[in-house]
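Asks: Below is the file upload30.pdb, which contains PDB, C-alpha atoms and all ligand atoms.
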ATOM      1  CA  MET A   1     -99.810-114.286 -31.693
ATOM      2  CA  ALA A   2     -98.819-111.242 -29.677
ATOM      3  CA  LYS A   3     -99.864-111.020 -26.077
ATOM      4  CA  LYS A   4    -102.394-108.349 -25.395
ATOM      5  CA  GLU A   5    -103.146-106.629 -22.136
ATOM      6  CA  ASN A   6    -106.779-107.355 -21.454
ATOM      7  CA  ARG A   7    -107.101-105.530 -18.174
ATOM      8  CA  ARG A   8    -108.001-101.905 -18.075
ATOM      9  CA  TYR A   9    -108.970 -99.427 -15.430
ATOM     10  CA  ILE A  10    -112.389 -97.944 -15.843
ATOM     11  CA  ASN A  11    -114.373 -95.338 -13.958
ATOM     12  CA  LEU A  12    -117.791 -95.899 -12.500
ATOM     13  CA  GLU A  13    -119.988 -92.881 -12.946
ATOM     14  CA  CYS A  14    -123.104 -92.126 -10.958
ATOM     15  CA  SER A  15    -126.090 -92.116 -13.302
ATOM     16  CA  VAL A  16    -127.765 -89.372 -11.257
ATOM     17  CA  CYS A  17    -125.068 -86.706 -10.649
ATOM     18  CA  LYS A  18    -122.496 -87.961 -13.181
ATOM     19  CA  ASN A  19    -119.726 -87.979 -10.596
ATOM     20  CA  LYS A  20    -116.981 -90.526 -11.103
ATOM     21  CA  ASN A  21    -116.979 -92.120  -7.710
ATOM     22  CA  TYR A  22    -115.219 -95.407  -8.257
ATOM     23  CA  THR A  23    -112.383 -96.883 -10.210
ATOM     24  CA  THR A  24    -112.288-100.548 -10.947
ATOM     25  CA  GLU A  25    -110.295-103.010 -12.942
ATOM     26  CA  LYS A  26    -112.018-104.734 -15.783
ATOM     27  CA  ASN A  27    -110.978-107.930 -17.465
ATOM     28  CA  PHE A  28    -111.976-107.727 -21.085
ATOM     29  CA  ILE A  29    -111.724-111.468 -21.584
ATOM     30  CA  ASN A  30    -114.460-112.250 -19.079
ATOM     31  CA  SER A  31    -116.675-109.226 -19.479
ATOM     32  CA  THR A  32    -117.226-107.417 -22.725
ATOM     33  CA  GLU A  33    -120.495-105.858 -21.694
ATOM     34  CA  LYS A  34    -120.722-102.547 -19.919
ATOM     35  CA  ILE A  35    -120.679-102.682 -16.166
ATOM     36  CA  GLU A  36    -123.532-101.276 -14.137
ATOM     37  CA  ILE A  37    -123.402-101.553 -10.365
ATOM     38  CA  ASN A  38    -125.506-100.206  -7.547
ATOM     39  CA  LYS A  39    -123.144 -98.269  -5.298
ATOM     40  CA  PHE A  40    -123.256 -95.556  -2.689
ATOM     41  CA  CYS A  41    -122.777 -92.073  -4.083
ATOM     42  CA  ASN A  42    -121.312 -89.466  -1.736
ATOM     43  CA  THR A  43    -122.837 -86.632  -3.713
ATOM     44  CA  CYS A  44    -126.355 -88.061  -3.861
ATOM     45  CA  LYS A  45    -126.035 -89.490  -0.344
ATOM     46  CA  LYS A  46    -127.709 -92.683  -1.424
ATOM     47  CA  HIS A  47    -127.239 -95.812  -3.471
ATOM     48  CA  THR A  48    -127.447 -95.115  -7.150
ATOM     49  CA  SER A  49    -126.698 -96.938 -10.342
ATOM     50  CA  HIS A  50    -123.074 -96.509 -11.425
ATOM     51  CA  LYS A  51    -122.191 -97.062 -15.020
ATOM     52  CA  GLU A  52    -118.892 -97.752 -16.655
ATOM     53  CA  VAL A  53    -117.197 -94.823 -18.368
ATOM     54  CA  LYS A  54    -113.729 -94.391 -19.827
TER
HETATM   55 ZN    ZN A 101    -124.540 -89.316  -7.509
END
Could you take the file, read its structure, and then write that structure out as structure tokens?
Ligand SMILES: [Zn+2]

Replies:
Amino acid sequence: MAKKENRRYINLECSVCKNKNYTTEKNFINSTEKIEINKFCNTCKKHTSHKEVK
């Protein structure tokens, strides 16, 4: 079987202003579900929910 690269870089987008504030590495072996993290948004000036986008 051929080796596949299972790590990819994804962007974390603020659910309020839609700004892509963070980039993170995702391991597709361990996590197949979409990431959603509470992080500080510089545009909203507060903690908001950041969702995974491509
Ligand atoms: Zn925001």

Asks: Using only C-alpha atoms and all ligand atoms, what does the table of chain A residues within 9 Å of ligand ZN 101 (chain A) look like, with each row giving the shortest atom pair and its distance in Å to one decimal, sorted by chain and ascending number, as a tab-separated table?

Replies:
residue	atom	partner	partner_atom	distance
A:Glu13	CA	A:ZN101	ZN	7.9
A:Cys14	CA	A:ZN101	ZN	4.7
A:Ser15	CA	A:ZN101	ZN	6.6
A:Val16	CA	A:ZN101	ZN	4.9
A:Cys17	CA	A:ZN101	ZN	4.1
A:Lys18	CA	A:ZN101	ZN	6.2
A:Asn19	CA	A:ZN101	ZN	5.9
A:Lys20	CA	A:ZN101	ZN	8.5
A:Asn21	CA	A:ZN101	ZN	8.1
A:Phe40	CA	A:ZN101	ZN	8.0
A:Cys41	CA	A:ZN101	ZN	4.7
A:Asn42	CA	A:ZN101	ZN	6.6
A:Thr43	CA	A:ZN101	ZN	5.0
A:Cys44	CA	A:ZN101	ZN	4.3
A:Lys45	CA	A:ZN101	ZN	7.3
A:Lys46	CA	A:ZN101	ZN	7.6
A:His47	CA	A:ZN101	ZN	8.1
A:Thr48	CA	A:ZN101	ZN	6.5
A:Ser49	CA	A:ZN101	ZN	8.4
A:His50	CA	A:ZN101	ZN	8.3

Asks: Run through the PyMOL selection byres (((chain A and resi 9) around 8) and not hetatm) on the given coordinates and return the selected residues as a list in words.

Replies: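 Checked against the file, the PyMOL selection byres (((chain A and resi 9) around 8) and not hetatm) matches Arg7, Arg8, Ile10, Asn11, Thr23, Thr24, Glu25 and Lys26 of chain A.
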
Asks: For a quick check of understanding, using only C-alpha atoms, which of A:Val53, A:Ile29, A:Lys34, A:Lys39 has the smallest distance to Leu12 (chain A)?

Replies: A:Val53

Asks: Restricting the calculation to all atoms listed in the file, which member of A:Ile37, A:Thr32, A:Asn27, A:Asn6 is positioned closest to Lys51 (chain A)?

Replies: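 Ranked by minimum distance to Lys51 (chain A), first place goes to A:Ile37.
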